[in-house]
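Asks: Structure file final13.tsv (TSV, N, CA and C atoms) right here:
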```
chain	number	residue	atom	x	y	z
A	280	MET	N	-127.29	4.32	-65.97
A	280	MET	CA	-127.66	5.03	-64.79
A	280	MET	C	-129.02	4.61	-64.26
A	281	LYS	N	-129.86	4.21	-65.18
A	281	LYS	CA	-131.18	3.80	-64.75
A	281	LYS	C	-131.13	2.52	-63.92
A	282	ALA	N	-130.19	1.67	-64.16
A	282	ALA	CA	-130.08	0.43	-63.39
A	282	ALA	C	-129.67	0.72	-61.96
A	283	ALA	N	-128.95	1.78	-61.73
A	283	ALA	CA	-128.49	2.11	-60.38
A	283	ALA	C	-129.61	2.73	-59.55
A	284	ASP	N	-130.57	3.36	-60.19
A	284	ASP	CA	-131.65	4.00	-59.46
A	284	ASP	C	-132.53	3.02	-58.69
A	285	PRO	N	-132.98	1.88	-59.25
A	285	PRO	CA	-133.80	0.95	-58.46
A	285	PRO	C	-133.04	0.39	-57.27
A	286	ASP	N	-131.75	0.13	-57.41
A	286	ASP	CA	-130.97	-0.35	-56.28
A	286	ASP	C	-130.91	0.70	-55.19
A	287	HIS	N	-130.76	1.91	-55.63
A	287	HIS	CA	-130.68	3.00	-54.66
A	287	HIS	C	-132.01	3.18	-53.92
A	288	ARG	N	-133.11	3.06	-54.65
A	288	ARG	CA	-134.43	3.19	-54.04
A	288	ARG	C	-134.72	2.01	-53.10
A	289	ALA	N	-134.37	0.81	-53.49
A	289	ALA	CA	-134.60	-0.36	-52.62
A	289	ALA	C	-133.78	-0.23	-51.35
A	290	HIS	N	-132.57	0.25	-51.51
A	290	HIS	CA	-131.70	0.42	-50.35
A	290	HIS	C	-132.24	1.52	-49.44
A	291	SER	N	-132.76	2.58	-50.02
A	291	SER	CA	-133.27	3.67	-49.21
A	291	SER	C	-134.59	3.29	-48.53
A	292	ASN	N	-135.39	2.37	-49.13
A	292	ASN	CA	-136.63	1.92	-48.52
A	292	ASN	C	-136.37	1.11	-47.25
A	293	THR	N	-135.34	0.31	-47.24
A	293	THR	CA	-135.05	-0.48	-46.05
A	293	THR	C	-134.59	0.40	-44.90
A	294	GLN	N	-133.99	1.52	-45.23
A	294	GLN	CA	-133.55	2.42	-44.18
A	294	GLN	C	-134.72	3.20	-43.59
A	295	THR	N	-135.77	3.39	-44.33
A	295	THR	CA	-136.90	4.18	-43.84
A	295	THR	C	-137.95	3.33	-43.13
A	296	ARG	N	-137.80	2.01	-43.13
A	296	ARG	CA	-138.78	1.17	-42.42
A	296	ARG	C	-138.64	1.40	-40.93
A	297	GLY	N	-139.77	1.41	-40.26
A	297	GLY	CA	-139.76	1.64	-38.82
A	297	GLY	C	-139.60	0.33	-38.04
A	298	PRO	N	-139.58	0.42	-36.76
A	298	PRO	CA	-139.40	-0.77	-35.92
A	298	PRO	C	-140.70	-1.52	-35.66
A	299	PHE	N	-141.76	-1.19	-36.40
A	299	PHE	CA	-143.06	-1.79	-36.12
A	299	PHE	C	-143.06	-3.31	-36.28
A	300	ILE	N	-142.58	-3.82	-37.40
A	300	ILE	CA	-142.64	-5.26	-37.66
A	300	ILE	C	-141.75	-6.04	-36.68
A	301	PRO	N	-140.52	-5.64	-36.43
A	301	PRO	CA	-139.73	-6.39	-35.43
A	301	PRO	C	-140.35	-6.35	-34.03
A	302	LEU	N	-140.88	-5.19	-33.66
A	302	LEU	CA	-141.51	-5.11	-32.34
A	302	LEU	C	-142.78	-5.94	-32.28
A	303	LEU	N	-143.53	-5.97	-33.37
A	303	LEU	CA	-144.74	-6.79	-33.42
A	303	LEU	C	-144.39	-8.27	-33.29
A	304	LEU	N	-143.35	-8.71	-33.99
A	304	LEU	CA	-142.92	-10.09	-33.88
A	304	LEU	C	-142.43	-10.42	-32.47
A	305	LEU	N	-141.72	-9.49	-31.88
A	305	LEU	CA	-141.26	-9.68	-30.50
A	305	LEU	C	-142.44	-9.78	-29.54
A	306	LEU	N	-143.41	-8.91	-29.71
A	306	LEU	CA	-144.59	-8.93	-28.87
A	306	LEU	C	-145.38	-10.23	-29.04
A	307	LEU	N	-145.56	-10.67	-30.28
A	307	LEU	CA	-146.27	-11.92	-30.53
A	307	LEU	C	-145.54	-13.11	-29.92
A	308	GLY	N	-144.23	-13.11	-30.03
A	308	GLY	CA	-143.45	-14.18	-29.41
A	308	GLY	C	-143.59	-14.19	-27.90
A	309	PHE	N	-143.55	-13.01	-27.29
A	309	PHE	CA	-143.70	-12.92	-25.84
A	309	PHE	C	-145.08	-13.36	-25.39
A	310	VAL	N	-146.11	-12.93	-26.09
A	310	VAL	CA	-147.48	-13.32	-25.74
A	310	VAL	C	-147.66	-14.83	-25.91
A	311	GLY	N	-147.10	-15.39	-26.96
A	311	GLY	CA	-147.16	-16.84	-27.15
A	311	GLY	C	-146.45	-17.59	-26.05
A	312	TRP	N	-145.27	-17.11	-25.67
A	312	TRP	CA	-144.52	-17.76	-24.59
A	312	TRP	C	-145.28	-17.65	-23.27
A	313	ALA	N	-145.82	-16.48	-22.97
A	313	ALA	CA	-146.57	-16.28	-21.73
A	313	ALA	C	-147.82	-17.16	-21.71
A	314	GLY	N	-148.48	-17.28	-22.84
A	314	GLY	CA	-149.67	-18.14	-22.92
A	314	GLY	C	-149.31	-19.60	-22.69
A	315	THR	N	-148.21	-20.04	-23.28
A	315	THR	CA	-147.77	-21.42	-23.10
A	315	THR	C	-147.42	-21.69	-21.64
A	316	GLN	N	-146.70	-20.77	-21.01
A	316	GLN	CA	-146.32	-20.94	-19.61
A	316	GLN	C	-147.56	-20.97	-18.71
A	317	THR	N	-148.51	-20.09	-18.97
A	317	THR	CA	-149.72	-20.04	-18.17
A	317	THR	C	-150.51	-21.34	-18.31
A	318	THR	N	-150.63	-21.83	-19.51
A	318	THR	CA	-151.33	-23.09	-19.73
A	318	THR	C	-150.65	-24.23	-19.00
A	319	GLN	N	-149.34	-24.31	-19.08
A	319	GLN	CA	-148.60	-25.38	-18.41
A	319	GLN	C	-148.76	-25.29	-16.90
A	320	LEU	N	-148.69	-24.09	-16.35
A	320	LEU	CA	-148.84	-23.93	-14.91
A	320	LEU	C	-150.24	-24.29	-14.44
A	321	LEU	N	-151.24	-23.95	-15.22
A	321	LEU	CA	-152.61	-24.32	-14.86
A	321	LEU	C	-152.79	-25.83	-14.90
A	322	ARG	N	-152.20	-26.50	-15.88
A	322	ARG	CA	-152.28	-27.97	-15.94
A	322	ARG	C	-151.59	-28.60	-14.74
A	323	GLU	N	-150.43	-28.09	-14.36
A	323	GLU	CA	-149.71	-28.63	-13.21
A	323	GLU	C	-150.49	-28.39	-11.92
A	324	ARG	N	-151.11	-27.24	-11.80
A	324	ARG	CA	-151.92	-26.94	-10.61
A	324	ARG	C	-153.09	-27.91	-10.52
A	325	TRP	N	-153.75	-28.15	-11.63
A	325	TRP	CA	-154.86	-29.09	-11.65
A	325	TRP	C	-154.39	-30.49	-11.27
A	326	ALA	N	-153.24	-30.91	-11.79
A	326	ALA	CA	-152.71	-32.24	-11.48
A	326	ALA	C	-152.37	-32.36	-10.00
A	327	LEU	N	-151.81	-31.31	-9.41
A	327	LEU	CA	-151.49	-31.34	-7.98
A	327	LEU	C	-152.75	-31.41	-7.13
A	328	LYS	N	-153.77	-30.67	-7.49
A	328	LYS	CA	-155.03	-30.72	-6.74
A	328	LYS	C	-155.67	-32.10	-6.85
A	329	GLU	N	-155.58	-32.69	-8.02
A	329	GLU	CA	-156.14	-34.03	-8.20
A	329	GLU	C	-155.37	-35.06	-7.38
A	330	ALA	N	-154.06	-34.96	-7.36
A	330	ALA	CA	-153.24	-35.87	-6.57
A	330	ALA	C	-153.53	-35.70	-5.08
A	331	GLU	N	-153.72	-34.47	-4.66
A	331	GLU	CA	-154.05	-34.22	-3.25
A	331	GLU	C	-155.40	-34.82	-2.88
A	332	SER	N	-156.36	-34.71	-3.76
A	332	SER	CA	-157.69	-35.27	-3.48
A	332	SER	C	-157.65	-36.79	-3.44
A	333	HIS	N	-156.76	-37.40	-4.24
A	333	HIS	CA	-156.64	-38.86	-4.23
A	333	HIS	C	-155.96	-39.36	-2.96
A	334	GLN	N	-155.20	-38.49	-2.29
A	334	GLN	CA	-154.49	-38.89	-1.08
A	334	GLN	C	-155.31	-38.68	0.18
A	335	ALA	N	-156.43	-38.00	0.10
A	335	ALA	CA	-157.21	-37.68	1.30
A	335	ALA	C	-157.72	-38.93	2.00
A	336	ALA	N	-158.28	-39.86	1.27
A	336	ALA	CA	-158.84	-41.08	1.88
A	336	ALA	C	-157.74	-41.95	2.51
A	337	PRO	N	-156.62	-42.23	1.83
A	337	PRO	CA	-155.57	-43.01	2.48
A	337	PRO	C	-154.99	-42.33	3.73
A	338	LEU	N	-154.88	-41.00	3.71
A	338	LEU	CA	-154.38	-40.30	4.89
A	338	LEU	C	-155.35	-40.43	6.06
A	339	ALA	N	-156.64	-40.36	5.79
A	339	ALA	CA	-157.63	-40.52	6.85
A	339	ALA	C	-157.57	-41.93	7.43
A	340	GLU	N	-157.42	-42.93	6.58
A	340	GLU	CA	-157.30	-44.31	7.05
A	340	GLU	C	-156.03	-44.51	7.87
A	341	ALA	N	-154.94	-43.92	7.43
A	341	ALA	CA	-153.68	-44.02	8.17
A	341	ALA	C	-153.81	-43.36	9.54
A	342	HIS	N	-154.54	-42.27	9.61
A	342	HIS	CA	-154.74	-41.61	10.89
A	342	HIS	C	-155.56	-42.48	11.83
A	343	LYS	N	-156.58	-43.14	11.31
A	343	LYS	CA	-157.39	-44.06	12.13
A	343	LYS	C	-156.53	-45.20	12.67
A	344	ILE	N	-155.68	-45.74	11.83
A	344	ILE	CA	-154.81	-46.84	12.25
A	344	ILE	C	-153.82	-46.35	13.31
A	345	ARG	N	-153.30	-45.15	13.13
A	345	ARG	CA	-152.37	-44.61	14.12
A	345	ARG	C	-153.06	-44.39	15.46
A	346	LEU	N	-154.30	-43.90	15.43
A	346	LEU	CA	-155.05	-43.73	16.67
A	346	LEU	C	-155.24	-45.07	17.38
A	347	ALA	N	-155.58	-46.09	16.60
A	347	ALA	CA	-155.78	-47.42	17.20
A	347	ALA	C	-154.47	-47.96	17.77
A	348	ALA	N	-153.37	-47.79	17.06
A	348	ALA	CA	-152.07	-48.27	17.54
A	348	ALA	C	-151.63	-47.52	18.79
A	349	ASP	N	-151.84	-46.21	18.81
A	349	ASP	CA	-151.49	-45.42	19.99
A	349	ASP	C	-152.33	-45.82	21.19
A	350	SER	N	-153.60	-46.08	20.96
A	350	SER	CA	-154.49	-46.51	22.04
A	350	SER	C	-154.04	-47.86	22.60
A	351	LEU	N	-153.70	-48.77	21.71
A	351	LEU	CA	-153.24	-50.09	22.13
A	351	LEU	C	-151.93	-49.98	22.92
A	352	ALA	N	-151.02	-49.16	22.44
A	352	ALA	CA	-149.73	-49.00	23.11
A	352	ALA	C	-149.92	-48.36	24.49
A	353	SER	N	-150.77	-47.35	24.59
A	353	SER	CA	-150.97	-46.71	25.89
A	353	SER	C	-151.65	-47.64	26.88
A	354	LYS	N	-152.59	-48.44	26.40
A	354	LYS	CA	-153.25	-49.41	27.29
A	354	LYS	C	-152.27	-50.50	27.74
A	355	THR	N	-151.37	-50.89	26.84
A	355	THR	CA	-150.34	-51.87	27.20
A	355	THR	C	-149.39	-51.27	28.23
A	356	GLN	N	-149.04	-50.01	28.08
A	356	GLN	CA	-148.18	-49.33	29.06
A	356	GLN	C	-148.86	-49.26	30.42
A	357	ILE	N	-150.14	-48.97	30.43
A	357	ILE	CA	-150.88	-48.90	31.70
A	357	ILE	C	-150.91	-50.27	32.37
A	358	LEU	N	-151.15	-51.33	31.58
A	358	LEU	CA	-151.13	-52.69	32.14
A	358	LEU	C	-149.75	-53.05	32.68
A	359	ALA	N	-148.70	-52.65	31.98
A	359	ALA	CA	-147.34	-52.92	32.44
A	359	ALA	C	-147.06	-52.18	33.74
A	360	ALA	N	-147.57	-50.97	33.87
A	360	ALA	CA	-147.37	-50.21	35.10
A	360	ALA	C	-148.11	-50.84	36.27
A	361	LYS	N	-149.22	-51.52	35.97
A	361	LYS	CA	-150.00	-52.19	37.02
A	361	LYS	C	-149.39	-53.54	37.40
A	362	GLY	N	-148.40	-54.01	36.64
A	362	GLY	CA	-147.71	-55.24	37.00
A	362	GLY	C	-148.00	-56.43	36.12
A	363	ASN	N	-148.68	-56.29	35.03
A	363	ASN	CA	-148.96	-57.40	34.13
A	363	ASN	C	-147.65	-57.84	33.48
A	364	PRO	N	-147.23	-59.11	33.69
A	364	PRO	CA	-145.93	-59.54	33.17
A	364	PRO	C	-145.87	-59.57	31.64
A	365	ASN	N	-146.95	-59.96	30.99
A	365	ASN	CA	-146.94	-60.00	29.51
A	365	ASN	C	-146.83	-58.58	28.93
A	366	ALA	N	-147.54	-57.65	29.53
A	366	ALA	CA	-147.46	-56.26	29.07
A	366	ALA	C	-146.07	-55.69	29.32
A	367	GLN	N	-145.44	-56.09	30.44
A	367	GLN	CA	-144.08	-55.63	30.74
A	367	GLN	C	-143.09	-56.14	29.69
A	368	VAL	N	-143.27	-57.39	29.23
A	368	VAL	CA	-142.40	-57.94	28.19
A	368	VAL	C	-142.57	-57.16	26.89
A	369	VAL	N	-143.81	-56.87	26.53
A	369	VAL	CA	-144.08	-56.13	25.29
A	369	VAL	C	-143.45	-54.74	25.36
A	370	VAL	N	-143.64	-54.06	26.50
A	370	VAL	CA	-143.08	-52.71	26.65
A	370	VAL	C	-141.55	-52.77	26.62
A	371	ALA	N	-140.95	-53.78	27.24
A	371	ALA	CA	-139.49	-53.92	27.24
A	371	ALA	C	-138.98	-54.15	25.82
A	372	LYS	N	-139.66	-55.00	25.05
A	372	LYS	CA	-139.24	-55.26	23.67
A	372	LYS	C	-139.37	-53.99	22.81
A	373	LEU	N	-140.43	-53.23	23.05
A	373	LEU	CA	-140.59	-51.98	22.30
A	373	LEU	C	-139.48	-50.99	22.65
A	374	LYS	N	-139.11	-50.93	23.92
A	374	LYS	CA	-138.01	-50.04	24.33
A	374	LYS	C	-136.70	-50.47	23.69
A	375	GLU	N	-136.48	-51.77	23.55
A	375	GLU	CA	-135.27	-52.26	22.89
A	375	GLU	C	-135.20	-51.78	21.44
A	376	ARG	N	-136.34	-51.64	20.83
A	376	ARG	CA	-136.40	-51.21	19.43
A	376	ARG	C	-136.50	-49.69	19.29
A	377	GLY	N	-136.43	-48.99	20.39
A	377	GLY	CA	-136.44	-47.53	20.34
A	377	GLY	C	-137.81	-46.89	20.36
A	378	VAL	N	-138.85	-47.65	20.69
A	378	VAL	CA	-140.21	-47.12	20.73
A	378	VAL	C	-140.53	-46.73	22.16
A	379	THR	N	-140.85	-45.48	22.37
A	379	THR	CA	-141.27	-45.03	23.70
A	379	THR	C	-142.76	-44.80	23.70
A	380	ILE	N	-143.38	-45.14	24.80
A	380	ILE	CA	-144.84	-45.02	24.90
A	380	ILE	C	-145.14	-44.00	25.99
A	381	ASP	N	-145.93	-42.99	25.64
A	381	ASP	CA	-146.38	-41.99	26.58
A	381	ASP	C	-147.90	-42.01	26.55
A	382	PRO	N	-148.54	-42.63	27.54
A	382	PRO	CA	-150.01	-42.74	27.50
A	382	PRO	C	-150.73	-41.39	27.55
A	383	SER	N	-150.08	-40.35	28.06
A	383	SER	CA	-150.75	-39.06	28.18
A	383	SER	C	-150.55	-38.17	26.95
A	384	ALA	N	-149.68	-38.58	26.03
A	384	ALA	CA	-149.40	-37.76	24.85
A	384	ALA	C	-150.55	-37.86	23.85
A	385	PRO	N	-151.01	-36.70	23.34
A	385	PRO	CA	-152.07	-36.74	22.33
A	385	PRO	C	-151.53	-37.15	20.97
A	386	THR	N	-152.39	-37.79	20.21
A	386	THR	CA	-152.00	-38.19	18.85
A	386	THR	C	-152.10	-36.97	17.93
A	387	PRO	N	-151.07	-36.70	17.14
A	387	PRO	CA	-151.13	-35.52	16.25
A	387	PRO	C	-152.23	-35.67	15.19
A	388	ALA	N	-152.76	-34.55	14.79
A	388	ALA	CA	-153.81	-34.53	13.77
A	388	ALA	C	-153.20	-34.86	12.41
A	389	PRO	N	-154.00	-35.39	11.52
A	389	PRO	CA	-153.47	-35.70	10.18
A	389	PRO	C	-153.15	-34.41	9.43
A	390	PRO	N	-152.18	-34.50	8.49
A	390	PRO	CA	-151.80	-33.29	7.73
A	390	PRO	C	-152.87	-32.83	6.79
```
Translate the structure described by the file into structure tokens.
Replies:
Amino acid sequence: MKAADPDHRAHSNTQTRGPFIPLLLLLLGFVGWAGTQTTQLLRERWALKEAESHQAAPLAEAHKIRLAADSLASKTQILAAKGNPNAQVVVAKLKERGVTIDPSAPTPAPP
């Protein structure tokens, strides 16, 4: 009979344990997961900001080139309207390729 008593006590001890340890493990797992996600998101945010800063100079240069090209195209259109045969050929070739020139249209600002 004495051998049955320790089994009975061990069995009764597991029934009296509260939910503290499982809930603690669940909480620790959630906090660890949230910390990992937060760290990853902060790294990605930093990488995106760095990529954006690296693109600022090329975008500014592209905008300058676009301004120069638009200016050249509008001046060519004006010359063609005045009757310059070479400018008329250039404008006609551009129209064949689907490029329309509007000398009064403003150039859009860079993004």
Asks: Between A:Pro364, A:Pro337, A:Ala326, A:Pro382, which one has atoms that come closest to A:Leu351, using only C-alpha atoms?
Replies: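 Using only C-alpha atoms, the shortest distance to A:Leu351 belongs to A:Pro382.
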Asks: I need the alpha helix (DSSP H) residues of chain A per DSSP on the backbone, written as an NGL selection string.
Replies: :A and (283-295 or 299-361 or 364-375)
Asks: Any idea what the distance is between atom C of A:Gln334 and atom C of A:Arg322?
Replies: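 Going from atom C of A:Gln334 over to atom C of A:Arg322, I get 18.4 Å.
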Asks: Please measure the separation of atom C of A:Thr379 and atom N of A:Lys343, giving the value in Å to one decimal.
Replies: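 Taking atom C of A:Thr379 and atom N of A:Lys343, their separation equals 18.6 Å.
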Asks: Quick one: pull the distance between atom CA of A:Thr355 and atom CA of A:Val368, Å, one decimal.
Replies: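 Those two atoms sit 10.0 Å apart.
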Asks: Go through A:Ile380, A:Leu302, A:Ala371, A:Leu320 one by one, measure the shortest atom-to-atom distance of each to A:Ser353 using all atoms listed in the file, and give the residue with the smallest value.
Replies: A:Ile380
Asks: Between A:Ala352, A:Val369, A:Leu346, A:Leu358, which is the closest to A:Ala388 once you count only C-alpha atoms?
Replies: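 The closest residue to A:Ala388 is A:Leu346.
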Asks: Would you compute an axis-aligned box for stretch 322-329 of chain A, covering every atom listed for it in the file with 8 Å of margin on each side, and report centre and edge lengths in Å to one decimal as lines of an AutoDock Vina configuration file?
Replies:
```
center_x = -152.9
center_y = -30.8
center_z = -11.3
size_x = 22.4
size_y = 24.6
size_z = 25.2
```
